[in-house]
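Undergrad: Can you keep this structure in mind? I'll have questions shortly.
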Amino acid sequence: MMSPETQDIEQATTAITEEAPPDRKTRRYDRQLRLWAATGQAALESAHLLVLSSSATSTSILKNLVLPGVGAFTILDNAVVTPADAGNNFFLEGPESIGKPRAQEAVRLLEELNEGVRGHADLRNVEQLLSAGKSELFKYTLVIAHNLPQSQVERLSQLLWEDDDAPPLVIVRSAGFLAEIFIQQHEHTIIESHSETAPSLRIDKPFPALLQYAQALDLDALDPTDHAHVPYVILLVKAMEKWKQEHNGLPPQTYAEKKAFKEAISNMKRKIDEENFEEAEAQAYRSWTETKVPSEVAELFDDPKVQTLNASTPPFFYLLAALKKFAAQPPYTLPLSSTLPDMKASTDTYIGLQKLYKDQAEQERNIFKSFISPGVRIDDDLIDSFVKNAHALKVIRGTSWNSIDKNTIALGNAAATSPKQLAIHLALSAASCLASKAPAPSQGELPVFTIEALTQEAQSLLPPGVELPEEFEFTAGEIARSPTADLPNTAALLGGLVAQEVIKMVTKQYIPIAGICTVDLIETWTGIL
């Protein structure tokens, strides 16, 4: 959630004093707009999701996407509602739904949650969808598949992996109290990762206007109230400049020197309870910590796409190339952010300080724009967002679902490092493989998997000489006991987890899971394999 510590005070006060009340849509989505702002909401509302099956888990996922306002969804399912479906799926009604197309009933009831969302029912089966080819899949923003047999998942994965521009695929598998989630994606770029690491305030390398302001301020001439409301940024810049004058231009180097620097700040107090000076002591590390390009961002400068820009290169990499050029220009590192943290200060002083940062940030933004390749048109809002979040950019490159169980070396290593997570994955993979090999059961008829068959199938996935984890016997027993149990409580948890990851992918904000997220509701834990 957006913290007051990262809020623009002028925007905040403007919002408070506006006479016109927020519209109905803003009121409805107020809390989530604080999480992903208008840009994220717009991305969500323009998305069209394809969900394969209308199981309890699938409808629970959709419930958590319909409520925040996803633009549209399509459920592909040719099944009809059985009494068992009506008994465990909150988005199917009892006697009213039984015997009717399950997808249509689920769409009808999900649409009641939000009149702004469009739902569609596709009454084909997955085989028909796969036979239609990738063109059917590419019209969707993202595809979610729950409990498909392994053969169908593999074909779906292959279709969506053959093209770099294919939509991401979210694979969800569950049985009883065990489950796993995997996101197949070629490349996922993130500008607004919402990192907990704040951008540099450049206290160690103050820009000219900030340095001039700090040096010109006479603390001794201030009255007690103003003295207790000088922002800690100014106090640190002023104290550091004095320290450097007395130490050959060098900031504190040793622990003793850093302690002495903090004591010097404390000695600047007039009263013992001046909170701004206490803040300055707590934030003193910012004044001797060198402002530089974070290593994760510096690594992106060598990305192959930055080196080979062309007409098909996404705007993100043109901006990254411009950032590389900007960072190479002394005295810059990354463009200055105009967003200040909360601090003890009067309103006038805080706004004055923020104006200094805004003016400098605007100058540097214009310099940054001059480094963007000529002829490349990029929206100003995207440039602003990129500059603001340049300290926490991310590029995630994933792997295909089909490569996971073929990577016997990685599975062998996981047996030693993550036995519990691997046991769940192997048990679910074994059940999915057996479901692909067995004759298709009639609707309402449950497949039967023995522990022995699951064990044999799972062992075949591991390299020779690597034994199944000890935990596998327990997980195989759970699968054998309830191979297709779509329990409401498991569905509810997965609904929240998967919807959260889908929103990250669609909005391109926050950082989605990397690897396989395994879920054990018996021992109540989740883990990443």
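If you're wondering about the labels, chains in the structure tokens are A, B, ... by order shown, residues count from 1 in each chain, ligands from 1 in order shown.
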Write out as a PyMOL selection string all residues of range 34-242 of chain A that backbone DSSP assigns to strand (DSSP E or B).
TA: chain A and resi 48-52+72-76+80+101+118-122+142-146+169-175+178-184+187-190+192
Undergrad: Residues at most 12 Å from Asp218 in chain A, counting only C-alpha atoms, excluding those fewer than 3 positions away in the same chain, as a compact mmCIF listing (two decimals) with all heavy atoms, in the first residue's frame?
TA:
# COMPACT_ATOMS: atom_id res chain seq x y z
N GLN A 212 23.43 24.94 -1.55
CA GLN A 212 23.35 26.38 -1.29
C GLN A 212 22.31 26.69 -0.22
O GLN A 212 22.55 27.52 0.67
CB GLN A 212 23.02 27.11 -2.59
CG GLN A 212 22.96 28.63 -2.45
CD GLN A 212 22.62 29.32 -3.76
OE1 GLN A 212 22.49 28.67 -4.79
NE2 GLN A 212 22.47 30.64 -3.72
N TYR A 213 21.17 26.02 -0.29
CA TYR A 213 20.11 26.25 0.69
C TYR A 213 20.59 25.86 2.09
O TYR A 213 20.36 26.60 3.07
CB TYR A 213 18.89 25.41 0.29
CG TYR A 213 17.70 25.56 1.22
CD1 TYR A 213 16.74 26.55 1.02
CD2 TYR A 213 17.53 24.70 2.30
CE1 TYR A 213 15.65 26.68 1.86
CE2 TYR A 213 16.43 24.82 3.15
CZ TYR A 213 15.50 25.80 2.92
OH TYR A 213 14.43 25.92 3.77
N ALA A 214 21.24 24.72 2.20
CA ALA A 214 21.69 24.25 3.51
C ALA A 214 22.77 25.16 4.09
O ALA A 214 22.76 25.49 5.28
CB ALA A 214 22.22 22.81 3.39
N GLN A 215 23.72 25.58 3.24
CA GLN A 215 24.82 26.42 3.74
C GLN A 215 24.34 27.81 4.12
O GLN A 215 24.90 28.44 5.03
CB GLN A 215 25.92 26.51 2.68
CG GLN A 215 26.68 25.21 2.49
CD GLN A 215 27.77 25.32 1.43
OE1 GLN A 215 27.59 26.02 0.43
NE2 GLN A 215 28.88 24.63 1.64
N ALA A 221 20.20 31.64 14.14
CA ALA A 221 19.30 32.79 14.00
C ALA A 221 17.83 32.38 14.04
O ALA A 221 16.95 33.25 14.07
CB ALA A 221 19.59 33.50 12.68
N LEU A 222 17.56 31.07 14.06
CA LEU A 222 16.18 30.60 14.05
C LEU A 222 15.56 30.65 15.44
O LEU A 222 16.27 30.43 16.45
CB LEU A 222 16.12 29.16 13.52
CG LEU A 222 16.60 28.94 12.09
CD1 LEU A 222 16.54 27.45 11.75
CD2 LEU A 222 15.76 29.75 11.10
N ASP A 223 14.25 30.91 15.49
CA ASP A 223 13.57 30.83 16.78
C ASP A 223 13.40 29.35 17.14
O ASP A 223 13.58 28.46 16.30
CB ASP A 223 12.23 31.56 16.76
CG ASP A 223 11.23 30.96 15.79
OD1 ASP A 223 11.17 29.72 15.68
OD2 ASP A 223 10.49 31.73 15.14
N ASP A 226 11.13 27.16 14.75
CA ASP A 226 11.71 26.88 13.44
C ASP A 226 12.92 25.96 13.56
O ASP A 226 13.15 25.10 12.68
CB ASP A 226 12.12 28.19 12.76
CG ASP A 226 10.92 29.02 12.32
OD1 ASP A 226 9.82 28.42 12.19
OD2 ASP A 226 11.06 30.24 12.14
N HIS A 227 13.70 26.13 14.62
CA HIS A 227 14.90 25.29 14.82
C HIS A 227 14.49 23.82 14.96
O HIS A 227 15.21 22.92 14.50
CB HIS A 227 15.63 25.76 16.09
CG HIS A 227 16.99 25.16 16.25
ND1 HIS A 227 17.20 23.99 16.95
CD2 HIS A 227 18.20 25.57 15.79
CE1 HIS A 227 18.50 23.70 16.94
NE2 HIS A 227 19.13 24.65 16.24
N VAL A 230 13.55 22.14 11.19
CA VAL A 230 14.45 22.08 10.03
C VAL A 230 14.51 20.62 9.58
O VAL A 230 14.85 19.74 10.36
CB VAL A 230 15.86 22.59 10.39
CG1 VAL A 230 16.79 22.45 9.18
CG2 VAL A 230 15.81 24.03 10.86
N ILE A 234 18.35 18.74 5.42
CA ILE A 234 19.14 19.97 5.50
C ILE A 234 20.17 19.86 6.62
O ILE A 234 21.34 20.26 6.46
CB ILE A 234 18.23 21.19 5.74
CG1 ILE A 234 17.21 21.31 4.60
CG2 ILE A 234 19.05 22.46 5.87
CD1 ILE A 234 17.82 21.45 3.23
N LEU A 235 19.76 19.29 7.74
CA LEU A 235 20.70 19.14 8.86
C LEU A 235 21.87 18.25 8.47
O LEU A 235 23.02 18.54 8.82
CB LEU A 235 19.97 18.55 10.07
CG LEU A 235 18.85 19.40 10.68
CD1 LEU A 235 18.17 18.63 11.82
CD2 LEU A 235 19.41 20.72 11.20
N LYS A 238 24.21 20.03 5.96
CA LYS A 238 24.97 21.08 6.65
C LYS A 238 26.06 20.47 7.54
O LYS A 238 27.22 20.91 7.51
CB LYS A 238 24.00 21.90 7.50
CG LYS A 238 24.51 23.25 7.95
CD LYS A 238 23.40 24.05 8.57
CE LYS A 238 23.88 25.46 8.88
NZ LYS A 238 24.18 26.26 7.68
N MET A 268 24.05 19.74 18.10
CA MET A 268 23.42 20.89 17.43
C MET A 268 22.05 21.20 18.03
O MET A 268 21.46 22.24 17.74
CB MET A 268 23.28 20.62 15.93
CG MET A 268 24.63 20.51 15.19
SD MET A 268 24.46 19.74 13.53
CE MET A 268 23.49 20.99 12.69
Undergrad: What separation in Å, quoted to one decimal, exists between CA of Ile516 in chain A and CA of Glu457 in chain A?
TA: 19.6 Å
Undergrad: Mind running range 157-178 of chain A against range 415-432 of chain A at 12 Å and telling me each contacting residue's nearest atom pair with the distance in Å (one decimal), counting only C-alpha atoms, chain and number ascending, as CSV?
TA:
residue,atom,partner,partner_atom,distance
A:Ile171,CA,A:Ser429,CA,11.9
A:Val172,CA,A:Leu428,CA,10.3
A:Arg173,CA,A:Leu428,CA,7.0
A:Ser174,CA,A:Leu428,CA,7.4
A:Ala175,CA,A:Leu428,CA,7.7
A:Gly176,CA,A:Leu428,CA,10.9
A:Phe177,CA,A:Ile424,CA,10.5
A:Leu178,CA,A:Ile424,CA,6.9
Undergrad: Need the shell around range 241-248 of chain A: protein/DNA/RNA residues with any atom at most 12 Å away, counting only C-alpha atoms. Skip same-chain ones fewer than 6 positions apart. Format as a list in words?
TA: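 Contacts, in chain order: Ile203, Asp204, Lys205, Pro206, Leu210, Leu211, Gln212, Ala214, Gln215, Ile234, Leu235, Glu257, Lys258, Ala260, Phe261, Lys262, Glu263, Ala264, Ile265, Ser287 and Trp288 of chain A.
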Undergrad: How close does each residue of range 166-191 of chain A get to range 313-330 of chain A, giving the shortest atom pair and distance in Å to one decimal for every residue with an atom at most 12 Å away, counting only C-alpha atoms, sorted by chain and residue number, as JSON lines?
TA:
{"residue": "A:Glu187", "atom": "CA", "partner": "A:Pro314", "partner_atom": "CA", "distance": 10.9}
{"residue": "A:His188", "atom": "CA", "partner": "A:Phe316", "partner_atom": "CA", "distance": 10.4}
{"residue": "A:Thr189", "atom": "CA", "partner": "A:Phe316", "partner_atom": "CA", "distance": 7.3}
{"residue": "A:Ile190", "atom": "CA", "partner": "A:Phe316", "partner_atom": "CA", "distance": 8.8}
{"residue": "A:Ile191", "atom": "CA", "partner": "A:Phe316", "partner_atom": "CA", "distance": 8.3}
Undergrad: Could you tell me which of A:Val237, A:Val395, A:Leu529, A:Ala179 comes closest to Ala216 in chain A if we count only C-alpha atoms?
TA: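 Of the candidates, the smallest distance to Ala216 in chain A is held by A:Val237.
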